[in-house]
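First the structure, in the form of structure tokens, and then the observations on it.
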There are 2 protein chains.
Amino acid sequence: MLKLYHMWTSTCSKKVRLALAEKNLEWESRAMSTNPAPETLEPWYLKINPNAVVPSLDHDGRIIIESCVILEYLDDVFPDPPLRPADHVDRATMRVWLDRSESVVHRNINILSHNRFMATALGGMTLEQKLAMANRHPKVGMRTERLRRYREGVSAEEEQLAESLLAELMDEMEATLGTQSWLAGAGFSLADIAITPFIERFKVNRLAALIDWSKRPAVGDWWRRITARPSYEKGMALHMAAAPARC
Amino acid sequence: MLKLYHMWTSTCSKKVRLALAEKNLEWESRAMSTNPAPETLEPWYLKINPNAVVPSLDHDGRIIIESCVILEYLDDVFPDPPLRPADHVDRATMRVWLDRSESVVHRNINILSHNRFMATALGGMTLEQKLAMANRHPKVGMRTERLRRYREGVSAEEEQLAESLLAELMDEMEATLGTQSWLAGAGFSLADIAITPFIERFKVNRLAALIDWSKRPAVGDWWRRITARPSYEKGMALHMAAAPARC
């Protein structure tokens, strides 16, 4: 049985839900509350995911973490329909996009979301409460970053660099999709899945310059094909009223 | 035919050379000069690798980039001997370590190497020359980072965080290798290969606290087994006198 520990609004959770939908797999939802989801810091969840993040997949009691790793796991275990190119070089290209979805896109949209949304989402907490929550995070990287952001916010310089990095990536997408139908070749793949939730997040964050399809028509065409797939509605759906996760 | 664009001293190049050695594959060397290797900024190389970094693999004229992607490519195309676990969950674990080798280890050893080595390696250049070189980098992320480092160096706070993140990773290695022989289970895999060059780099950087095996005996035992493999000498070997890369 597949159980997914996730957050309805989380981009990385959406990646996994899109893949599950493409493969028509049944799964049980273990949904966390919205960001910053205090459940992720509870001892029962840290045993599942020591990084205190979602998603985590429980497959018959064995745990798989990291969204891109879960995507390849699902294709390893449930290869029909395949979501990785058969051609080895295209498959390598797919893996470059999987990596970029985290190292470039996730990283930078996270920077841009902080002042716009996270700061507001945490508006009901005092600075001391926020710092105490950050200090409970088990990983030094996330802990340090959150402490700094809660104290100082994200600077205009950081935001500007993040936007430039995302624009550069969108330019690479435009160049790629100008010569082939999908990011990793002629067929839809995990590469397309890994990028999809972030494009929707650009819209939510009103990053107009990134989603002006008159400037990047090949990406616009790809986006229309992505959103027309039945998996889009299923994988991206929000069920905010769902019960919070339990152990 | 396999041609590897690489640098003898580069950690990510060593990952690929270790895998090539484990698989007993013949390959042609296209070696760049040492860091910051101005050849990587030349138009002929940017066509091969638009990120202006090594390694890049040319397999019968098709190009594969990104060290961890090259590792999986080599195992896809030359599966004997296999360097990925057959068990799907172990394979997922392997991919988590591949990711960490870049997102945690490479990223942070790079921070720690700057003041210690890179600043000295570039000692013959004026600040203006260094900034001009950085400005020629085609990617905004690397360009911005280099400009800042050449101007300001790396701060003590950044170095301290980088050391903490590496120590945290070494603790995870110790916990993992306390219960199993190799990073991704009972068998040697790409996970072990991806971490190996960085442990040697810790030694070169004299990061004594990270390689004190009395504190992390399971990692020490793993390291003795790693360095005893015939691939270690072959993959990690330096041939600094090699001819510079040509198109």
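How things are named: the first chain in the structure tokens is A, the next is B, and so on; residues count from 1 in each chain; ligands count from 1 in the order shown.
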Each residue of chain B with at least one atom at most 9 Å from chain A should appear once, together with its nearest atom pair and the corresponding distance in Å (one decimal); atoms considered: only C-alpha atoms; ordering: chain, then increasing residue number; output as CSV.
residue,atom,partner,partner_atom,distance
B:Arg62,CA,A:Val89,CA,7.5
B:Ile63,CA,A:Val89,CA,7.8
B:Ile64,CA,A:Ala92,CA,6.7
B:Ile65,CA,A:Val96,CA,7.9
B:Glu66,CA,A:Val96,CA,7.1
B:Cys68,CA,A:Arg95,CA,9.0
B:Val69,CA,A:Ala92,CA,5.8
B:Ile70,CA,A:Ala92,CA,7.3
B:Glu72,CA,A:Ala92,CA,7.8
B:Tyr73,CA,A:Ala92,CA,6.2
B:Asp76,CA,A:His88,CA,6.8
B:Val77,CA,A:His88,CA,7.0
B:His88,CA,A:Tyr73,CA,6.6
B:Val89,CA,A:Ile64,CA,6.8
B:Arg91,CA,A:Tyr73,CA,8.0
B:Ala92,CA,A:Val69,CA,5.8
B:Thr93,CA,A:Ile64,CA,7.6
B:Arg95,CA,A:Val69,CA,6.2
B:Val96,CA,A:Val69,CA,6.8
B:Asp99,CA,A:Asp99,CA,8.2
B:Ser103,CA,A:Ser103,CA,7.6
B:Lys139,CA,A:Glu168,CA,8.1
B:Val140,CA,A:Leu165,CA,6.6
B:Gly141,CA,A:Leu165,CA,6.7
B:Thr144,CA,A:Leu161,CA,8.3
B:Leu161,CA,A:Gly141,CA,7.7
B:Ala162,CA,A:Gly141,CA,8.9
B:Ser164,CA,A:Val140,CA,7.2
B:Leu165,CA,A:Val140,CA,6.6
B:Glu168,CA,A:Val140,CA,7.8
Spatial neighbours of region 7-20 of chain A, max dist 8 Å, only C-alpha atoms, sep filter under 4 positions, as JSON, numbers by chain: {"A": [24, 25, 26, 27, 31, 32, 33, 34, 54, 55, 67, 70, 71, 74, 190, 193, 194, 195, 196, 197, 198, 201, 231, 232, 234, 235, 236, 237, 238, 239, 240]}
Backbone DSSP call of strand (DSSP E) for region 32-137 of chain B, listed as a list of chain:residue names: B:Ser56, B:Leu57, B:Asp58, B:His59, B:Arg62, B:Ile63, B:Ile64, B:Ile65
Near Ser155 (chain B), counting only C-alpha atoms, which residues have an atom at most 12 Å away, once you skip same-chain residues fewer than 6 positions from it, shown as a PDB file with all heavy atoms, in the first residue's frame?
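Once written, result02.pdb looks like this:
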ATOM      1  N   ILE B 111      32.773  26.345  -0.596  1.00  0.00           N
ATOM      2  CA  ILE B 111      32.838  27.541   0.261  1.00  0.00           C
ATOM      3  C   ILE B 111      34.138  27.526   1.075  1.00  0.00           C
ATOM      4  O   ILE B 111      34.851  28.525   1.155  1.00  0.00           O
ATOM      5  CB  ILE B 111      31.601  27.592   1.197  1.00  0.00           C
ATOM      6  CG1 ILE B 111      30.345  27.906   0.371  1.00  0.00           C
ATOM      7  CG2 ILE B 111      31.798  28.606   2.328  1.00  0.00           C
ATOM      8  CD1 ILE B 111      29.033  27.773   1.130  1.00  0.00           C
ATOM      9  N   LEU B 112      34.449  26.347   1.635  1.00  0.00           N
ATOM     10  CA  LEU B 112      35.638  26.255   2.495  1.00  0.00           C
ATOM     11  C   LEU B 112      36.944  26.310   1.711  1.00  0.00           C
ATOM     12  O   LEU B 112      37.997  26.622   2.267  1.00  0.00           O
ATOM     13  CB  LEU B 112      35.586  24.959   3.314  1.00  0.00           C
ATOM     14  CG  LEU B 112      34.509  24.926   4.410  1.00  0.00           C
ATOM     15  CD1 LEU B 112      34.443  23.546   5.049  1.00  0.00           C
ATOM     16  CD2 LEU B 112      34.781  25.994   5.470  1.00  0.00           C
ATOM     17  N   HIS B 114      37.529  28.279  -0.854  1.00  0.00           N
ATOM     18  CA  HIS B 114      37.811  29.561  -1.505  1.00  0.00           C
ATOM     19  C   HIS B 114      38.973  30.322  -0.869  1.00  0.00           C
ATOM     20  O   HIS B 114      39.992  30.575  -1.518  1.00  0.00           O
ATOM     21  CB  HIS B 114      36.586  30.474  -1.580  1.00  0.00           C
ATOM     22  CG  HIS B 114      36.914  31.741  -2.300  1.00  0.00           C
ATOM     23  ND1 HIS B 114      36.955  31.822  -3.673  1.00  0.00           N
ATOM     24  CD2 HIS B 114      37.336  32.954  -1.855  1.00  0.00           C
ATOM     25  CE1 HIS B 114      37.359  33.013  -4.038  1.00  0.00           C
ATOM     26  NE2 HIS B 114      37.588  33.734  -2.952  1.00  0.00           N
ATOM     27  N   ASN B 115      38.820  30.681   0.392  1.00  0.00           N
ATOM     28  CA  ASN B 115      39.888  31.474   1.034  1.00  0.00           C
ATOM     29  C   ASN B 115      41.195  30.687   1.103  1.00  0.00           C
ATOM     30  O   ASN B 115      42.280  31.244   0.921  1.00  0.00           O
ATOM     31  CB  ASN B 115      39.483  31.895   2.442  1.00  0.00           C
ATOM     32  CG  ASN B 115      38.295  32.858   2.435  1.00  0.00           C
ATOM     33  OD1 ASN B 115      37.847  33.295   1.375  1.00  0.00           O
ATOM     34  ND2 ASN B 115      37.786  33.165   3.615  1.00  0.00           N
ATOM     35  N   ARG B 148      31.157  38.246  -6.001  1.00  0.00           N
ATOM     36  CA  ARG B 148      31.108  38.539  -4.559  1.00  0.00           C
ATOM     37  C   ARG B 148      32.339  37.970  -3.848  1.00  0.00           C
ATOM     38  O   ARG B 148      32.976  38.638  -3.051  1.00  0.00           O
ATOM     39  CB  ARG B 148      29.834  37.951  -3.951  1.00  0.00           C
ATOM     40  CG  ARG B 148      29.595  38.385  -2.503  1.00  0.00           C
ATOM     41  CD  ARG B 148      28.279  37.876  -1.966  1.00  0.00           C
ATOM     42  NE  ARG B 148      28.259  36.435  -1.777  1.00  0.00           N
ATOM     43  CZ  ARG B 148      28.795  35.792  -0.735  1.00  0.00           C
ATOM     44  NH1 ARG B 148      29.409  36.483   0.223  1.00  0.00           N
ATOM     45  NH2 ARG B 148      28.734  34.493  -0.624  1.00  0.00           N
ATOM     46  N   ARG B 149      32.685  36.721  -4.193  1.00  0.00           N
ATOM     47  CA  ARG B 149      33.836  36.110  -3.513  1.00  0.00           C
ATOM     48  C   ARG B 149      35.146  36.818  -3.854  1.00  0.00           C
ATOM     49  O   ARG B 149      35.998  36.982  -2.995  1.00  0.00           O
ATOM     50  CB  ARG B 149      33.960  34.636  -3.899  1.00  0.00           C
ATOM     51  CG  ARG B 149      32.948  33.778  -3.180  1.00  0.00           C
ATOM     52  CD  ARG B 149      33.269  32.312  -3.380  1.00  0.00           C
ATOM     53  NE  ARG B 149      32.175  31.488  -2.898  1.00  0.00           N
ATOM     54  CZ  ARG B 149      32.093  30.186  -3.098  1.00  0.00           C
ATOM     55  NH1 ARG B 149      33.034  29.559  -3.776  1.00  0.00           N
ATOM     56  NH2 ARG B 149      31.083  29.493  -2.627  1.00  0.00           N
ATOM     57  N   LEU B 161      29.209  27.875   9.049  1.00  0.00           N
ATOM     58  CA  LEU B 161      28.005  27.142   8.667  1.00  0.00           C
ATOM     59  C   LEU B 161      28.365  25.970   7.748  1.00  0.00           C
ATOM     60  O   LEU B 161      27.857  24.862   7.899  1.00  0.00           O
ATOM     61  CB  LEU B 161      26.999  28.089   7.980  1.00  0.00           C
ATOM     62  CG  LEU B 161      25.718  27.434   7.465  1.00  0.00           C
ATOM     63  CD1 LEU B 161      24.944  26.743   8.602  1.00  0.00           C
ATOM     64  CD2 LEU B 161      24.808  28.457   6.771  1.00  0.00           C
ATOM     65  N   ALA B 162      29.279  26.223   6.802  1.00  0.00           N
ATOM     66  CA  ALA B 162      29.688  25.157   5.875  1.00  0.00           C
ATOM     67  C   ALA B 162      30.292  23.980   6.644  1.00  0.00           C
ATOM     68  O   ALA B 162      29.971  22.815   6.374  1.00  0.00           O
ATOM     69  CB  ALA B 162      30.685  25.709   4.857  1.00  0.00           C
TER      70      ALA B 162
END
Length of the CA of Phe188 (chain A) to CA of Ser101 (chain A) vector [Å]: 15.8 Å
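Look at Ile211 (chain B): the protein and nucleic acid residues within 10 Å of it, using only C-alpha atoms and passing over chain neighbours fewer than 3 places away, are B:Ala167, B:Met170, B:Ile199, B:Glu200, B:Phe202, B:Lys203, B:Arg206, B:Leu207, B:Ala208, B:Ser214, B:Lys215, B:Arg216, B:Pro217, B:Val219, B:Gly220, B:Trp223.
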Would you put the residues from that selection into a file with C-alpha atoms, as a PDB file, in the first residue's frame?
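And here's out-v2.pdb as it stands now:
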ATOM      1  CA  ALA B 167      29.902  17.650  10.097  1.00  0.00           C
ATOM      2  CA  MET B 170      29.491  12.980   8.312  1.00  0.00           C
ATOM      3  CA  ILE B 199      36.646  12.925   1.772  1.00  0.00           C
ATOM      4  CA  GLU B 200      40.026  13.206   0.094  1.00  0.00           C
ATOM      5  CA  PHE B 202      38.656  17.257   3.403  1.00  0.00           C
ATOM      6  CA  LYS B 203      42.155  15.854   3.935  1.00  0.00           C
ATOM      7  CA  ARG B 206      43.100  19.923   6.541  1.00  0.00           C
ATOM      8  CA  LEU B 207      39.565  19.795   7.943  1.00  0.00           C
ATOM      9  CA  ALA B 208      40.857  17.643  10.788  1.00  0.00           C
ATOM     10  CA  SER B 214      38.359   7.932  16.245  1.00  0.00           C
ATOM     11  CA  LYS B 215      35.189  10.066  16.401  1.00  0.00           C
ATOM     12  CA  ARG B 216      33.519   8.325  13.451  1.00  0.00           C
ATOM     13  CA  PRO B 217      34.956   4.789  13.335  1.00  0.00           C
ATOM     14  CA  VAL B 219      33.283   6.062   8.338  1.00  0.00           C
ATOM     15  CA  GLY B 220      36.974   5.321   8.986  1.00  0.00           C
ATOM     16  CA  TRP B 223      37.279   4.878   4.021  1.00  0.00           C
TER      17      TRP B 223
END
Counting only C-alpha atoms, the residue of A:Pro82, A:Arg30, A:Phe117, A:Glu174 that sits nearest Trp213 (chain A): A:Glu174
Who sits within 12 Å of Glu39 (chain A), only C-alpha atoms, same chain under 4 positions skipped, as a ChimeraX atom specification: /A:5-7,30-35,43-46,48-49,52-54,133,136-137,244-247
Output file for the residues above (N, CA and C atoms, as an mmCIF file, in the first residue's frame):
data_model
loop_
_atom_site.group_PDB
_atom_site.id
_atom_site.type_symbol
_atom_site.label_atom_id
_atom_site.label_comp_id
_atom_site.auth_asym_id
_atom_site.auth_seq_id
_atom_site.Cartn_x
_atom_site.Cartn_y
_atom_site.Cartn_z
ATOM 1 N N TYR A 5 2.840 11.065 2.826
ATOM 2 C CA TYR A 5 2.885 12.181 3.773
ATOM 3 C C TYR A 5 3.189 13.412 2.952
ATOM 4 N N HIS A 6 2.274 14.361 2.947
ATOM 5 C CA HIS A 6 2.408 15.493 2.031
ATOM 6 C C HIS A 6 1.677 16.705 2.565
ATOM 7 N N MET A 7 1.693 17.749 1.771
ATOM 8 C CA MET A 7 0.973 18.965 2.106
ATOM 9 C C MET A 7 0.235 19.327 0.817
ATOM 10 N N ARG A 30 -1.822 11.210 3.822
ATOM 11 C CA ARG A 30 -1.486 11.657 5.181
ATOM 12 C C ARG A 30 -1.089 13.114 5.045
ATOM 13 N N ALA A 31 -2.086 13.995 5.092
ATOM 14 C CA ALA A 31 -1.837 15.418 4.795
ATOM 15 C C ALA A 31 -1.452 16.202 6.038
ATOM 16 N N MET A 32 -0.423 16.990 5.912
ATOM 17 C CA MET A 32 -0.001 17.907 6.965
ATOM 18 C C MET A 32 -0.834 19.186 6.831
ATOM 19 N N SER A 33 -0.895 19.966 7.898
ATOM 20 C CA SER A 33 -1.526 21.281 7.787
ATOM 21 C C SER A 33 -0.626 22.162 6.923
ATOM 22 N N THR A 34 -1.076 23.373 6.628
ATOM 23 C CA THR A 34 -0.278 24.214 5.726
ATOM 24 C C THR A 34 1.008 24.688 6.414
ATOM 25 N N ASN A 35 1.891 25.234 5.579
ATOM 26 C CA ASN A 35 3.181 25.735 6.036
ATOM 27 C C ASN A 35 3.051 26.590 7.283
ATOM 28 N N PRO A 43 8.218 14.069 16.858
ATOM 29 C CA PRO A 43 9.100 12.888 16.834
ATOM 30 C C PRO A 43 8.625 11.776 15.897
ATOM 31 N N TRP A 44 7.319 11.510 15.841
ATOM 32 C CA TRP A 44 6.855 10.411 14.967
ATOM 33 C C TRP A 44 7.180 10.712 13.509
ATOM 34 N N TYR A 45 7.112 12.015 13.107
ATOM 35 C CA TYR A 45 7.396 12.321 11.703
ATOM 36 C C TYR A 45 8.897 12.364 11.423
ATOM 37 N N LEU A 46 9.671 12.816 12.394
ATOM 38 C CA LEU A 46 11.134 12.857 12.188
ATOM 39 C C LEU A 46 11.715 11.458 12.005
ATOM 40 N N ILE A 48 10.213 9.247 10.247
ATOM 41 C CA ILE A 48 9.923 8.989 8.829
ATOM 42 C C ILE A 48 10.828 9.835 7.949
ATOM 43 N N ASN A 49 10.931 11.115 8.290
ATOM 44 C CA ASN A 49 11.707 12.042 7.466
ATOM 45 C C ASN A 49 12.552 12.948 8.363
ATOM 46 N N ALA A 52 12.482 16.733 8.219
ATOM 47 C CA ALA A 52 11.273 17.480 8.619
ATOM 48 C C ALA A 52 10.609 18.197 7.453
ATOM 49 N N VAL A 53 10.622 17.557 6.296
ATOM 50 C CA VAL A 53 9.951 18.147 5.131
ATOM 51 C C VAL A 53 9.015 17.113 4.508
ATOM 52 N N VAL A 54 8.106 17.577 3.679
ATOM 53 C CA VAL A 54 7.284 16.693 2.866
ATOM 54 C C VAL A 54 7.776 16.795 1.431
ATOM 55 N N MET A 133 10.341 28.270 17.064
ATOM 56 C CA MET A 133 9.949 27.217 16.118
ATOM 57 C C MET A 133 11.136 26.864 15.217
ATOM 58 N N ARG A 136 13.698 24.668 16.730
ATOM 59 C CA ARG A 136 13.333 23.256 16.912
ATOM 60 C C ARG A 136 13.665 22.430 15.674
ATOM 61 N N HIS A 137 14.019 23.103 14.571
ATOM 62 C CA HIS A 137 14.281 22.329 13.349
ATOM 63 C C HIS A 137 15.540 21.489 13.524
ATOM 64 N N PRO A 244 -5.790 16.565 9.505
ATOM 65 C CA PRO A 244 -4.332 16.631 9.632
ATOM 66 C C PRO A 244 -3.717 15.235 9.742
ATOM 67 N N ALA A 245 -2.433 15.174 9.447
ATOM 68 C CA ALA A 245 -1.741 13.881 9.450
ATOM 69 C C ALA A 245 -1.709 13.291 10.848
ATOM 70 N N ARG A 246 -1.778 12.000 10.892
ATOM 71 C CA ARG A 246 -1.592 11.301 12.163
ATOM 72 C C ARG A 246 -0.433 10.337 11.979
ATOM 73 N N CYS A 247 0.070 9.895 13.098
ATOM 74 C CA CYS A 247 1.206 8.966 13.044
ATOM 75 C C CYS A 247 0.807 7.679 12.333
#
Distance query Met173 (chain B) at most 8 Å, only C-alpha atoms, self and fewer than 4 positions along chain excluded, as a list in words: Leu169, Leu177, Leu183 and Val219 of chain B
Export of prior selection with C-alpha atoms as a PDB file, in the first residue's frame:
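Just written: out-v7.pdb:
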ATOM      1  CA  LEU B 169      26.555  14.920   6.892  1.00  0.00           C
ATOM      2  CA  LEU B 177      27.677   2.876   8.028  1.00  0.00           C
ATOM      3  CA  LEU B 183      26.045   3.961   1.905  1.00  0.00           C
ATOM      4  CA  VAL B 219      33.283   6.062   8.338  1.00  0.00           C
TER       5      VAL B 219
END
Minimum-distance residue to Gly153 (chain B), chosen among B:Met125, B:Leu4, B:Met118, B:Leu41 (using only C-alpha atoms):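 Going through B:Met125, B:Leu4, B:Met118, B:Leu41 one by one, the smallest distance to Gly153 (chain B) is for B:Met118.
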Among listed residues B:Gly61, B:Asp221, B:Thr40, B:Lys23, nearest Phe78 (chain B) (using only C-alpha atoms):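 For Phe78 (chain B), the nearest of the candidates is B:Lys23.
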Residue with smallest distance to Arg100 (chain A) - pool A:Asp192, A:Gln129, A:Gly187, A:Ala119, counting only C-alpha atoms: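 Checking each candidate against Arg100 (chain A), we get A:Asp192 as the closest.
Among the candidate residues B:Leu147, B:Leu166, B:Ala218, B:Val105, the one lying nearest to Ala132 (chain B) is B:Leu147, with distances computed using only C-alpha atoms.
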d(CA of Leu131 (chain B), CA of Arg143 (chain B)) in Å: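 Result for CA of Leu131 (chain B) versus CA of Arg143 (chain B): 9.2 Å, one decimal.
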DSSP-assigned alpha helix (DSSP H) members of region 37-235 of chain B, reported as JSON, numbers by chain: {"B": [43, 44, 45, 46, 47, 48, 67, 68, 69, 70, 71, 72, 73, 74, 75, 76, 77, 88, 89, 90, 91, 92, 93, 94, 95, 96, 97, 98, 99, 100, 107, 108, 109, 110, 111, 112, 113, 119, 120, 121, 127, 128, 129, 130, 131, 132, 133, 134, 135, 140, 141, 142, 143, 144, 145, 146, 147, 148, 149, 150, 151, 152, 156, 157, 158, 159, 160, 161, 162, 163, 164, 165, 166, 167, 168, 169, 170, 171, 172, 173, 174, 175, 176, 177, 190, 191, 192, 193, 194, 195, 196, 197, 198, 199, 200, 201, 202, 203, 204, 217, 218, 219, 220, 221, 222, 223, 224, 225, 226, 227, 228, 230, 231, 232, 233, 234, 235]}
